[in-house]
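So this one's model_2.cif, mmCIF, N, CA and C atoms:
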```cif
data_run
loop_
_atom_site.label_atom_id
_atom_site.label_comp_id
_atom_site.auth_asym_id
_atom_site.auth_seq_id
_atom_site.Cartn_x
_atom_site.Cartn_y
_atom_site.Cartn_z
N MET Z 1 -126.21 -55.14 42.49
CA MET Z 1 -126.09 -56.10 41.41
C MET Z 1 -126.33 -55.42 40.06
N ARG Z 2 -127.35 -54.59 40.01
CA ARG Z 2 -127.64 -53.88 38.76
C ARG Z 2 -126.49 -52.96 38.37
N LEU Z 3 -125.88 -52.34 39.36
CA LEU Z 3 -124.77 -51.43 39.10
C LEU Z 3 -123.58 -52.19 38.50
N ILE Z 4 -123.31 -53.36 39.03
CA ILE Z 4 -122.21 -54.18 38.51
C ILE Z 4 -122.52 -54.61 37.08
N PHE Z 5 -123.75 -55.04 36.85
CA PHE Z 5 -124.14 -55.45 35.50
C PHE Z 5 -124.04 -54.28 34.52
N ALA Z 6 -124.50 -53.12 34.93
CA ALA Z 6 -124.44 -51.93 34.07
C ALA Z 6 -123.00 -51.55 33.76
N ALA Z 7 -122.13 -51.62 34.75
CA ALA Z 7 -120.71 -51.29 34.55
C ALA Z 7 -120.07 -52.30 33.60
N ALA Z 8 -120.38 -53.57 33.77
CA ALA Z 8 -119.82 -54.60 32.88
C ALA Z 8 -120.33 -54.41 31.46
N LEU Z 9 -121.59 -54.08 31.31
CA LEU Z 9 -122.15 -53.86 29.98
C LEU Z 9 -121.50 -52.66 29.30
N CYS Z 10 -121.29 -51.59 30.05
CA CYS Z 10 -120.62 -50.41 29.49
C CYS Z 10 -119.19 -50.73 29.07
N ALA Z 11 -118.50 -51.52 29.87
CA ALA Z 11 -117.12 -51.89 29.54
C ALA Z 11 -117.08 -52.73 28.27
N LEU Z 12 -118.00 -53.67 28.13
CA LEU Z 12 -118.06 -54.49 26.93
C LEU Z 12 -118.38 -53.65 25.69
N MET Z 13 -119.27 -52.69 25.85
CA MET Z 13 -119.62 -51.83 24.72
C MET Z 13 -118.44 -50.97 24.31
N ALA Z 14 -117.69 -50.48 25.28
CA ALA Z 14 -116.52 -49.65 24.97
C ALA Z 14 -115.46 -50.45 24.25
N VAL Z 15 -115.22 -51.67 24.71
CA VAL Z 15 -114.24 -52.54 24.05
C VAL Z 15 -114.73 -52.91 22.67
N GLY Z 16 -115.98 -53.24 22.54
CA GLY Z 16 -116.55 -53.63 21.25
C GLY Z 16 -116.47 -52.52 20.23
N ALA Z 17 -116.57 -51.28 20.66
CA ALA Z 17 -116.52 -50.15 19.74
C ALA Z 17 -115.13 -50.00 19.13
N GLU Z 18 -114.11 -50.52 19.82
CA GLU Z 18 -112.74 -50.39 19.34
C GLU Z 18 -112.27 -51.57 18.50
N ILE Z 19 -113.06 -52.62 18.43
CA ILE Z 19 -112.68 -53.80 17.67
C ILE Z 19 -112.92 -53.54 16.20
N SER Z 20 -111.91 -53.78 15.41
CA SER Z 20 -112.04 -53.58 13.97
C SER Z 20 -112.64 -54.83 13.33
N ASP Z 21 -113.35 -54.63 12.27
CA ASP Z 21 -114.07 -55.69 11.59
C ASP Z 21 -113.38 -56.02 10.27
N TYR Z 22 -112.66 -57.14 10.22
CA TYR Z 22 -111.94 -57.51 9.00
C TYR Z 22 -112.90 -57.77 7.85
N GLN Z 23 -114.11 -58.24 8.13
CA GLN Z 23 -115.08 -58.49 7.08
C GLN Z 23 -115.55 -57.17 6.44
N LYS Z 24 -115.73 -56.15 7.26
CA LYS Z 24 -116.07 -54.84 6.72
C LYS Z 24 -114.89 -54.31 5.92
N GLY Z 25 -113.67 -54.53 6.39
CA GLY Z 25 -112.47 -54.13 5.66
C GLY Z 25 -112.38 -54.81 4.31
N GLU Z 26 -112.78 -56.07 4.26
CA GLU Z 26 -112.78 -56.80 2.99
C GLU Z 26 -113.79 -56.18 2.02
N ARG Z 27 -114.98 -55.84 2.53
CA ARG Z 27 -115.98 -55.18 1.67
C ARG Z 27 -115.47 -53.84 1.17
N ILE Z 28 -114.79 -53.09 2.03
CA ILE Z 28 -114.23 -51.80 1.62
C ILE Z 28 -113.20 -52.00 0.52
N PHE Z 29 -112.31 -52.98 0.71
CA PHE Z 29 -111.29 -53.24 -0.30
C PHE Z 29 -111.92 -53.55 -1.65
N TYR Z 30 -112.87 -54.48 -1.67
CA TYR Z 30 -113.45 -54.90 -2.94
C TYR Z 30 -114.36 -53.84 -3.56
N SER Z 31 -115.03 -53.05 -2.75
CA SER Z 31 -115.94 -52.05 -3.32
C SER Z 31 -115.22 -50.79 -3.77
N LEU Z 32 -114.10 -50.42 -3.13
CA LEU Z 32 -113.46 -49.16 -3.44
C LEU Z 32 -112.09 -49.27 -4.12
N LEU Z 33 -111.37 -50.35 -3.86
CA LEU Z 33 -109.98 -50.40 -4.30
C LEU Z 33 -109.66 -51.47 -5.33
N ALA Z 34 -110.28 -52.61 -5.25
CA ALA Z 34 -109.86 -53.79 -6.03
C ALA Z 34 -109.83 -53.56 -7.53
N ASP Z 35 -110.84 -52.91 -8.09
CA ASP Z 35 -110.87 -52.73 -9.55
C ASP Z 35 -109.66 -51.94 -10.04
N THR Z 36 -109.31 -50.89 -9.32
CA THR Z 36 -108.17 -50.07 -9.73
C THR Z 36 -106.86 -50.78 -9.48
N ILE Z 37 -106.75 -51.45 -8.34
CA ILE Z 37 -105.51 -52.14 -7.99
C ILE Z 37 -105.29 -53.36 -8.87
N GLY Z 38 -106.35 -54.06 -9.22
CA GLY Z 38 -106.23 -55.21 -10.10
C GLY Z 38 -105.76 -56.48 -9.43
N LEU Z 39 -105.84 -56.54 -8.12
CA LEU Z 39 -105.46 -57.73 -7.35
C LEU Z 39 -106.60 -58.09 -6.42
N ASN Z 40 -106.67 -59.37 -6.04
CA ASN Z 40 -107.62 -59.71 -4.99
C ASN Z 40 -107.02 -59.27 -3.65
N GLY Z 41 -107.83 -59.27 -2.63
CA GLY Z 41 -107.40 -58.75 -1.34
C GLY Z 41 -106.20 -59.47 -0.74
N ALA Z 42 -106.20 -60.79 -0.84
CA ALA Z 42 -105.09 -61.55 -0.27
C ALA Z 42 -103.78 -61.26 -1.00
N ASP Z 43 -103.84 -61.15 -2.32
CA ASP Z 43 -102.63 -60.84 -3.08
C ASP Z 43 -102.11 -59.44 -2.79
N PHE Z 44 -103.02 -58.51 -2.54
CA PHE Z 44 -102.60 -57.16 -2.17
C PHE Z 44 -102.02 -57.15 -0.76
N ALA Z 45 -102.68 -57.83 0.15
CA ALA Z 45 -102.26 -57.83 1.56
C ALA Z 45 -100.90 -58.47 1.77
N VAL Z 46 -100.58 -59.48 0.99
CA VAL Z 46 -99.34 -60.23 1.19
C VAL Z 46 -98.11 -59.43 0.75
N GLN Z 47 -98.31 -58.25 0.22
CA GLN Z 47 -97.19 -57.40 -0.16
C GLN Z 47 -96.44 -56.85 1.05
N HIS Z 48 -97.06 -56.91 2.24
CA HIS Z 48 -96.44 -56.39 3.46
C HIS Z 48 -96.64 -57.36 4.62
N THR Z 49 -95.81 -57.22 5.62
CA THR Z 49 -95.99 -57.97 6.87
C THR Z 49 -96.99 -57.23 7.75
N MET Z 50 -97.40 -57.86 8.82
CA MET Z 50 -98.32 -57.22 9.76
C MET Z 50 -97.73 -55.93 10.32
N ALA Z 51 -96.45 -55.97 10.67
CA ALA Z 51 -95.79 -54.78 11.22
C ALA Z 51 -95.72 -53.66 10.19
N GLU Z 52 -95.49 -54.03 8.94
CA GLU Z 52 -95.45 -53.01 7.88
C GLU Z 52 -96.83 -52.38 7.68
N TRP Z 53 -97.90 -53.20 7.71
CA TRP Z 53 -99.25 -52.63 7.60
C TRP Z 53 -99.53 -51.73 8.79
N ASP Z 54 -99.14 -52.17 9.99
CA ASP Z 54 -99.34 -51.33 11.18
C ASP Z 54 -98.69 -49.97 10.99
N LYS Z 55 -97.47 -49.97 10.49
CA LYS Z 55 -96.74 -48.72 10.26
C LYS Z 55 -97.45 -47.85 9.22
N LEU Z 56 -97.93 -48.45 8.14
CA LEU Z 56 -98.61 -47.69 7.09
C LEU Z 56 -99.92 -47.06 7.58
N PHE Z 57 -100.55 -47.69 8.55
CA PHE Z 57 -101.83 -47.18 9.03
C PHE Z 57 -101.70 -46.24 10.24
N GLU Z 58 -100.48 -45.95 10.67
CA GLU Z 58 -100.29 -45.00 11.76
C GLU Z 58 -100.71 -43.60 11.31
N ASN Z 59 -101.03 -42.75 12.28
CA ASN Z 59 -101.38 -41.34 12.01
C ASN Z 59 -102.49 -41.22 10.96
N ARG Z 60 -103.59 -41.92 11.24
CA ARG Z 60 -104.76 -41.87 10.36
C ARG Z 60 -104.44 -42.34 8.94
N GLY Z 61 -103.54 -43.31 8.84
CA GLY Z 61 -103.24 -43.93 7.56
C GLY Z 61 -102.40 -43.12 6.61
N GLU Z 62 -101.61 -42.21 7.13
CA GLU Z 62 -100.79 -41.35 6.26
C GLU Z 62 -99.90 -42.16 5.32
N GLY Z 63 -99.26 -43.19 5.84
CA GLY Z 63 -98.37 -44.01 5.02
C GLY Z 63 -99.14 -44.78 3.95
N PHE Z 64 -100.29 -45.32 4.32
CA PHE Z 64 -101.13 -46.04 3.37
C PHE Z 64 -101.58 -45.11 2.25
N ILE Z 65 -102.07 -43.94 2.62
CA ILE Z 65 -102.54 -42.96 1.64
C ILE Z 65 -101.40 -42.56 0.71
N ALA Z 66 -100.22 -42.32 1.26
CA ALA Z 66 -99.07 -41.92 0.44
C ALA Z 66 -98.65 -43.04 -0.50
N GLU Z 67 -98.53 -44.27 0.01
CA GLU Z 67 -98.07 -45.39 -0.83
C GLU Z 67 -99.08 -45.75 -1.91
N VAL Z 68 -100.32 -45.92 -1.52
CA VAL Z 68 -101.34 -46.31 -2.48
C VAL Z 68 -101.62 -45.17 -3.46
N GLY Z 69 -101.63 -43.93 -2.96
CA GLY Z 69 -101.85 -42.79 -3.84
C GLY Z 69 -100.75 -42.62 -4.87
N ALA Z 70 -99.51 -42.93 -4.49
CA ALA Z 70 -98.39 -42.82 -5.44
C ALA Z 70 -98.42 -43.95 -6.47
N THR Z 71 -98.80 -45.14 -6.03
CA THR Z 71 -98.83 -46.29 -6.93
C THR Z 71 -100.08 -46.28 -7.82
N TYR Z 72 -101.19 -45.82 -7.26
CA TYR Z 72 -102.47 -45.81 -7.99
C TYR Z 72 -103.08 -44.41 -7.89
N PRO Z 73 -102.63 -43.47 -8.69
CA PRO Z 73 -103.09 -42.09 -8.59
C PRO Z 73 -104.61 -41.92 -8.70
N LYS Z 74 -105.27 -42.82 -9.42
CA LYS Z 74 -106.73 -42.74 -9.55
C LYS Z 74 -107.43 -42.90 -8.20
N LEU Z 75 -106.76 -43.54 -7.25
CA LEU Z 75 -107.37 -43.78 -5.94
C LEU Z 75 -107.20 -42.63 -4.96
N LYS Z 76 -106.37 -41.65 -5.28
CA LYS Z 76 -106.12 -40.55 -4.35
C LYS Z 76 -107.41 -39.89 -3.84
N PRO Z 77 -108.36 -39.55 -4.72
CA PRO Z 77 -109.59 -38.92 -4.21
C PRO Z 77 -110.39 -39.84 -3.29
N VAL Z 78 -110.37 -41.13 -3.56
CA VAL Z 78 -111.13 -42.09 -2.76
C VAL Z 78 -110.51 -42.27 -1.38
N ILE Z 79 -109.20 -42.47 -1.33
CA ILE Z 79 -108.54 -42.79 -0.06
C ILE Z 79 -108.27 -41.55 0.79
N SER Z 80 -108.52 -40.38 0.26
CA SER Z 80 -108.33 -39.15 1.03
C SER Z 80 -109.62 -38.67 1.68
N LYS Z 81 -110.75 -39.29 1.36
CA LYS Z 81 -112.03 -38.88 1.93
C LYS Z 81 -112.08 -39.20 3.42
N SER Z 82 -112.75 -38.35 4.16
CA SER Z 82 -112.86 -38.57 5.61
C SER Z 82 -113.62 -39.86 5.91
N SER Z 83 -114.59 -40.23 5.08
CA SER Z 83 -115.32 -41.47 5.32
C SER Z 83 -114.41 -42.69 5.14
N PHE Z 84 -113.48 -42.62 4.20
CA PHE Z 84 -112.53 -43.72 4.01
C PHE Z 84 -111.56 -43.77 5.19
N ILE Z 85 -111.07 -42.63 5.60
CA ILE Z 85 -110.14 -42.56 6.72
C ILE Z 85 -110.79 -43.10 7.99
N ARG Z 86 -112.07 -42.80 8.18
CA ARG Z 86 -112.80 -43.30 9.35
C ARG Z 86 -112.86 -44.83 9.34
N ASP Z 87 -112.96 -45.43 8.16
CA ASP Z 87 -113.08 -46.89 8.05
C ASP Z 87 -111.74 -47.61 7.93
N MET Z 88 -110.64 -46.87 8.00
CA MET Z 88 -109.32 -47.49 7.85
C MET Z 88 -109.01 -48.58 8.88
N PRO Z 89 -109.47 -48.49 10.13
CA PRO Z 89 -109.18 -49.60 11.05
C PRO Z 89 -109.73 -50.93 10.55
N ASP Z 90 -110.87 -50.91 9.89
CA ASP Z 90 -111.44 -52.14 9.35
C ASP Z 90 -110.61 -52.65 8.17
N LEU Z 91 -110.18 -51.75 7.30
CA LEU Z 91 -109.32 -52.14 6.19
C LEU Z 91 -108.00 -52.69 6.70
N LYS Z 92 -107.46 -52.05 7.72
CA LYS Z 92 -106.22 -52.52 8.33
C LYS Z 92 -106.40 -53.93 8.89
N ALA Z 93 -107.53 -54.18 9.55
CA ALA Z 93 -107.79 -55.52 10.10
C ALA Z 93 -107.80 -56.56 9.00
N PHE Z 94 -108.39 -56.25 7.87
CA PHE Z 94 -108.43 -57.17 6.74
C PHE Z 94 -107.03 -57.39 6.17
N LEU Z 95 -106.30 -56.32 5.95
CA LEU Z 95 -104.98 -56.45 5.32
C LEU Z 95 -103.98 -57.14 6.25
N THR Z 96 -104.03 -56.88 7.54
CA THR Z 96 -103.10 -57.56 8.45
C THR Z 96 -103.45 -59.04 8.60
N LEU Z 97 -104.72 -59.38 8.46
CA LEU Z 97 -105.13 -60.78 8.53
C LEU Z 97 -104.46 -61.59 7.42
N TYR Z 98 -104.36 -61.01 6.24
CA TYR Z 98 -103.79 -61.72 5.09
C TYR Z 98 -102.37 -61.25 4.74
N ALA Z 99 -101.73 -60.55 5.65
CA ALA Z 99 -100.35 -60.11 5.45
C ALA Z 99 -99.43 -61.32 5.28
N LYS Z 100 -98.19 -61.06 4.85
CA LYS Z 100 -97.20 -62.13 4.67
C LYS Z 100 -97.17 -63.07 5.86
N ASP Z 101 -97.20 -62.48 7.04
CA ASP Z 101 -97.09 -63.27 8.26
C ASP Z 101 -98.41 -63.29 9.05
N GLY Z 102 -99.53 -62.98 8.39
CA GLY Z 102 -100.81 -62.86 9.07
C GLY Z 102 -101.53 -64.17 9.33
N GLY Z 103 -101.27 -65.17 8.56
CA GLY Z 103 -101.91 -66.45 8.79
C GLY Z 103 -103.25 -66.64 8.08
N GLY Z 104 -103.97 -65.57 7.82
CA GLY Z 104 -105.23 -65.65 7.10
C GLY Z 104 -106.36 -66.25 7.88
N PHE Z 105 -106.24 -66.38 9.18
CA PHE Z 105 -107.30 -66.94 9.99
C PHE Z 105 -107.81 -65.88 10.95
N PRO Z 106 -109.10 -65.56 10.89
CA PRO Z 106 -109.64 -64.57 11.81
C PRO Z 106 -109.61 -65.09 13.24
N ALA Z 107 -109.45 -64.17 14.16
CA ALA Z 107 -109.46 -64.53 15.58
C ALA Z 107 -110.85 -65.01 15.98
N CYS Z 108 -110.91 -65.84 16.97
CA CYS Z 108 -112.20 -66.34 17.46
C CYS Z 108 -113.07 -65.16 17.90
N GLY Z 109 -114.33 -65.25 17.57
CA GLY Z 109 -115.26 -64.20 18.00
C GLY Z 109 -115.41 -63.06 17.04
N ASN Z 110 -114.63 -62.99 15.99
CA ASN Z 110 -114.77 -61.90 15.01
C ASN Z 110 -115.67 -62.33 13.88
#
```
Spit out the file's structure as structure tokens when you get a sec.
Amino acid sequence: MRLIFAAALCALMAVGAEISDYQKGERIFYSLLADTIGLNGADFAVQHTMAEWDKLFENRGEGFIAEVGATYPKLKPVISKSSFIRDMPDLKAFLTLYAKDGGGFPACGN
């Protein structure tokens, strides 16, 4: 019984580690990007569909870094940092939530 419980707990922890936090992504957007971009998060996010955001965040966010860096050159040093790249899944979760076709409603349990 203990073995089954331990295995289930490990599985939940592994899944939980992969879940992105849209609320953390929102904090990242407002603390690092919003002042330079000049838009609130929802207005920025609605510029793309969920699929477009997914594409921009592929390969450690290469497309996002290229697009945002070209549009807002002041952000290049910020969005190129390894700490920012590490937190990109959370930013992606926030931006896809409010994408053109995102609905703006967080999934249950997040």
task: Could you tell me which residues the PyMOL selection byres ((chain Z and resi 41-55) around 8) returns for this structure, as a PyMOL selection string?
output: chain Z and resi 26+29-30+34+38-40+56-59+61-64+92+94-102
- request: Find the residues near Ile28 (chain Z): any atom within 12 Å, counting only C-alpha atoms, skip ones fewer than 4 places away on the same chain, and give them as JSON, numbers by chain.
  value: {"Z": [21, 22, 23, 24, 32, 33, 34, 35, 41, 78, 79, 83, 84, 85, 86, 87, 88, 89, 90, 91, 92, 93, 94, 95]}
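The gap separating CA of Ile37 (chain Z) from CA of Gly103 (chain Z) is 22.3 Å, in Å to one decimal.
Atom pair CA of Glu67 (chain Z) / CA of Arg27 (chain Z): separated by 20.6 Å.
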Can you tell me, as lines of an AutoDock Vina configuration file, the centre and edge lengths (Å, one decimal) of the axis-aligned box enclosing all of region 87-96 of chain Z's listed atoms after padding each side by 6 Å?
```
center_x = -108.1
center_y = -52.2
center_z = 8.2
size_x = 22.0
size_y = 25.6
size_z = 17.7
```
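We find CA of Leu75 (chain Z) and atom C of Arg60 (chain Z) to be spaced 15.2 Å apart.
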- request: Apply DSSP to the structure's backbone, then extract all residues of region 3-106 of chain Z labelled helix (DSSP H, G or I) and return them as a ChimeraX atom specification.
  value: /Z:3-18,22-37,41-45,50-56,58-71,73-79,82-86,88-97
With N, CA and C atoms retained, output region 55-96 of chain Z as a tab-separated table (two decimals), in the first residue's frame.
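This is the output file part-v8.tsv:
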```tsv
chain	number	residue	atom	x	y	z
Z	55	LYS	N	3.61	28.54	-31.38
Z	55	LYS	CA	4.70	28.57	-32.37
Z	55	LYS	C	5.82	29.52	-31.93
Z	56	LEU	N	5.47	30.69	-31.41
Z	56	LEU	CA	6.48	31.66	-30.98
Z	56	LEU	C	7.30	31.15	-29.80
Z	57	PHE	N	6.72	30.29	-28.98
Z	57	PHE	CA	7.42	29.80	-27.80
Z	57	PHE	C	8.15	28.48	-28.03
Z	58	GLU	N	8.12	27.96	-29.25
Z	58	GLU	CA	8.88	26.74	-29.56
Z	58	GLU	C	10.38	27.02	-29.47
Z	59	ASN	N	11.15	25.96	-29.27
Z	59	ASN	CA	12.62	26.06	-29.23
Z	59	ASN	C	13.10	27.13	-28.25
Z	60	ARG	N	12.62	26.99	-27.01
Z	60	ARG	CA	13.03	27.91	-25.94
Z	60	ARG	C	12.68	29.36	-26.26
Z	61	GLY	N	11.56	29.55	-26.95
Z	61	GLY	CA	11.05	30.89	-27.20
Z	61	GLY	C	11.77	31.69	-28.25
Z	62	GLU	N	12.42	31.01	-29.18
Z	62	GLU	CA	13.19	31.73	-30.21
Z	62	GLU	C	12.32	32.72	-30.98
Z	63	GLY	N	11.13	32.32	-31.36
Z	63	GLY	CA	10.24	33.21	-32.11
Z	63	GLY	C	9.79	34.39	-31.28
Z	64	PHE	N	9.47	34.15	-30.02
Z	64	PHE	CA	9.07	35.23	-29.12
Z	64	PHE	C	10.20	36.23	-28.95
Z	65	ILE	N	11.39	35.72	-28.69
Z	65	ILE	CA	12.56	36.59	-28.50
Z	65	ILE	C	12.82	37.41	-29.76
Z	66	ALA	N	12.73	36.78	-30.93
Z	66	ALA	CA	12.97	37.48	-32.19
Z	66	ALA	C	11.92	38.55	-32.43
Z	67	GLU	N	10.64	38.21	-32.26
Z	67	GLU	CA	9.56	39.16	-32.54
Z	67	GLU	C	9.55	40.32	-31.55
Z	68	VAL	N	9.60	40.01	-30.28
Z	68	VAL	CA	9.56	41.07	-29.27
Z	68	VAL	C	10.84	41.90	-29.31
Z	69	GLY	N	11.98	41.24	-29.51
Z	69	GLY	CA	13.25	41.97	-29.60
Z	69	GLY	C	13.30	42.91	-30.78
Z	70	ALA	N	12.69	42.53	-31.90
Z	70	ALA	CA	12.67	43.40	-33.08
Z	70	ALA	C	11.71	44.57	-32.89
Z	71	THR	N	10.59	44.31	-32.25
Z	71	THR	CA	9.58	45.36	-32.04
Z	71	THR	C	9.97	46.29	-30.89
Z	72	TYR	N	10.58	45.73	-29.86
Z	72	TYR	CA	10.95	46.50	-28.67
Z	72	TYR	C	12.43	46.24	-28.35
Z	73	PRO	N	13.34	46.89	-29.04
Z	73	PRO	CA	14.77	46.63	-28.86
Z	73	PRO	C	15.27	46.78	-27.42
Z	74	LYS	N	14.62	47.64	-26.65
Z	74	LYS	CA	15.03	47.82	-25.25
Z	74	LYS	C	14.85	46.54	-24.43
Z	75	LEU	N	13.98	45.65	-24.89
Z	75	LEU	CA	13.71	44.42	-24.15
Z	75	LEU	C	14.68	43.29	-24.48
Z	76	LYS	N	15.48	43.43	-25.52
Z	76	LYS	CA	16.39	42.35	-25.92
Z	76	LYS	C	17.24	41.82	-24.77
Z	77	PRO	N	17.88	42.68	-23.97
Z	77	PRO	CA	18.68	42.15	-22.87
Z	77	PRO	C	17.85	41.40	-21.83
Z	78	VAL	N	16.63	41.83	-21.60
Z	78	VAL	CA	15.76	41.20	-20.61
Z	78	VAL	C	15.29	39.84	-21.08
Z	79	ILE	N	14.81	39.76	-22.31
Z	79	ILE	CA	14.21	38.51	-22.80
Z	79	ILE	C	15.25	37.49	-23.25
Z	80	SER	N	16.50	37.88	-23.29
Z	80	SER	CA	17.56	36.94	-23.67
Z	80	SER	C	18.23	36.28	-22.47
Z	81	LYS	N	17.90	36.74	-21.26
Z	81	LYS	CA	18.50	36.17	-20.05
Z	81	LYS	C	18.02	34.74	-19.83
Z	82	SER	N	18.90	33.92	-19.30
Z	82	SER	CA	18.53	32.53	-19.04
Z	82	SER	C	17.40	32.43	-18.02
Z	83	SER	N	17.35	33.34	-17.06
Z	83	SER	CA	16.27	33.31	-16.07
Z	83	SER	C	14.92	33.60	-16.72
Z	84	PHE	N	14.90	34.49	-17.71
Z	84	PHE	CA	13.66	34.78	-18.42
Z	84	PHE	C	13.26	33.58	-19.28
Z	85	ILE	N	14.22	32.99	-19.96
Z	85	ILE	CA	13.94	31.83	-20.81
Z	85	ILE	C	13.41	30.68	-19.97
Z	86	ARG	N	13.95	30.51	-18.77
Z	86	ARG	CA	13.48	29.45	-17.87
Z	86	ARG	C	12.01	29.66	-17.49
Z	87	ASP	N	11.59	30.92	-17.36
Z	87	ASP	CA	10.22	31.23	-16.96
Z	87	ASP	C	9.25	31.39	-18.12
Z	88	MET	N	9.72	31.17	-19.34
Z	88	MET	CA	8.86	31.34	-20.52
Z	88	MET	C	7.61	30.46	-20.52
Z	89	PRO	N	7.65	29.23	-20.00
Z	89	PRO	CA	6.40	28.45	-19.99
Z	89	PRO	C	5.28	29.15	-19.21
Z	90	ASP	N	5.63	29.85	-18.15
Z	90	ASP	CA	4.62	30.58	-17.38
Z	90	ASP	C	4.09	31.77	-18.17
Z	91	LEU	N	4.98	32.49	-18.83
Z	91	LEU	CA	4.55	33.61	-19.67
Z	91	LEU	C	3.67	33.11	-20.82
Z	92	LYS	N	4.06	32.00	-21.40
Z	92	LYS	CA	3.26	31.41	-22.48
Z	92	LYS	C	1.87	31.04	-21.97
Z	93	ALA	N	1.78	30.48	-20.77
Z	93	ALA	CA	0.48	30.12	-20.20
Z	93	ALA	C	-0.40	31.35	-20.05
Z	94	PHE	N	0.16	32.45	-19.61
Z	94	PHE	CA	-0.59	33.70	-19.47
Z	94	PHE	C	-1.03	34.23	-20.83
Z	95	LEU	N	-0.11	34.27	-21.78
Z	95	LEU	CA	-0.45	34.85	-23.09
Z	95	LEU	C	-1.44	33.99	-23.86
Z	96	THR	N	-1.34	32.68	-23.77
Z	96	THR	CA	-2.31	31.83	-24.47
Z	96	THR	C	-3.68	31.89	-23.82
```
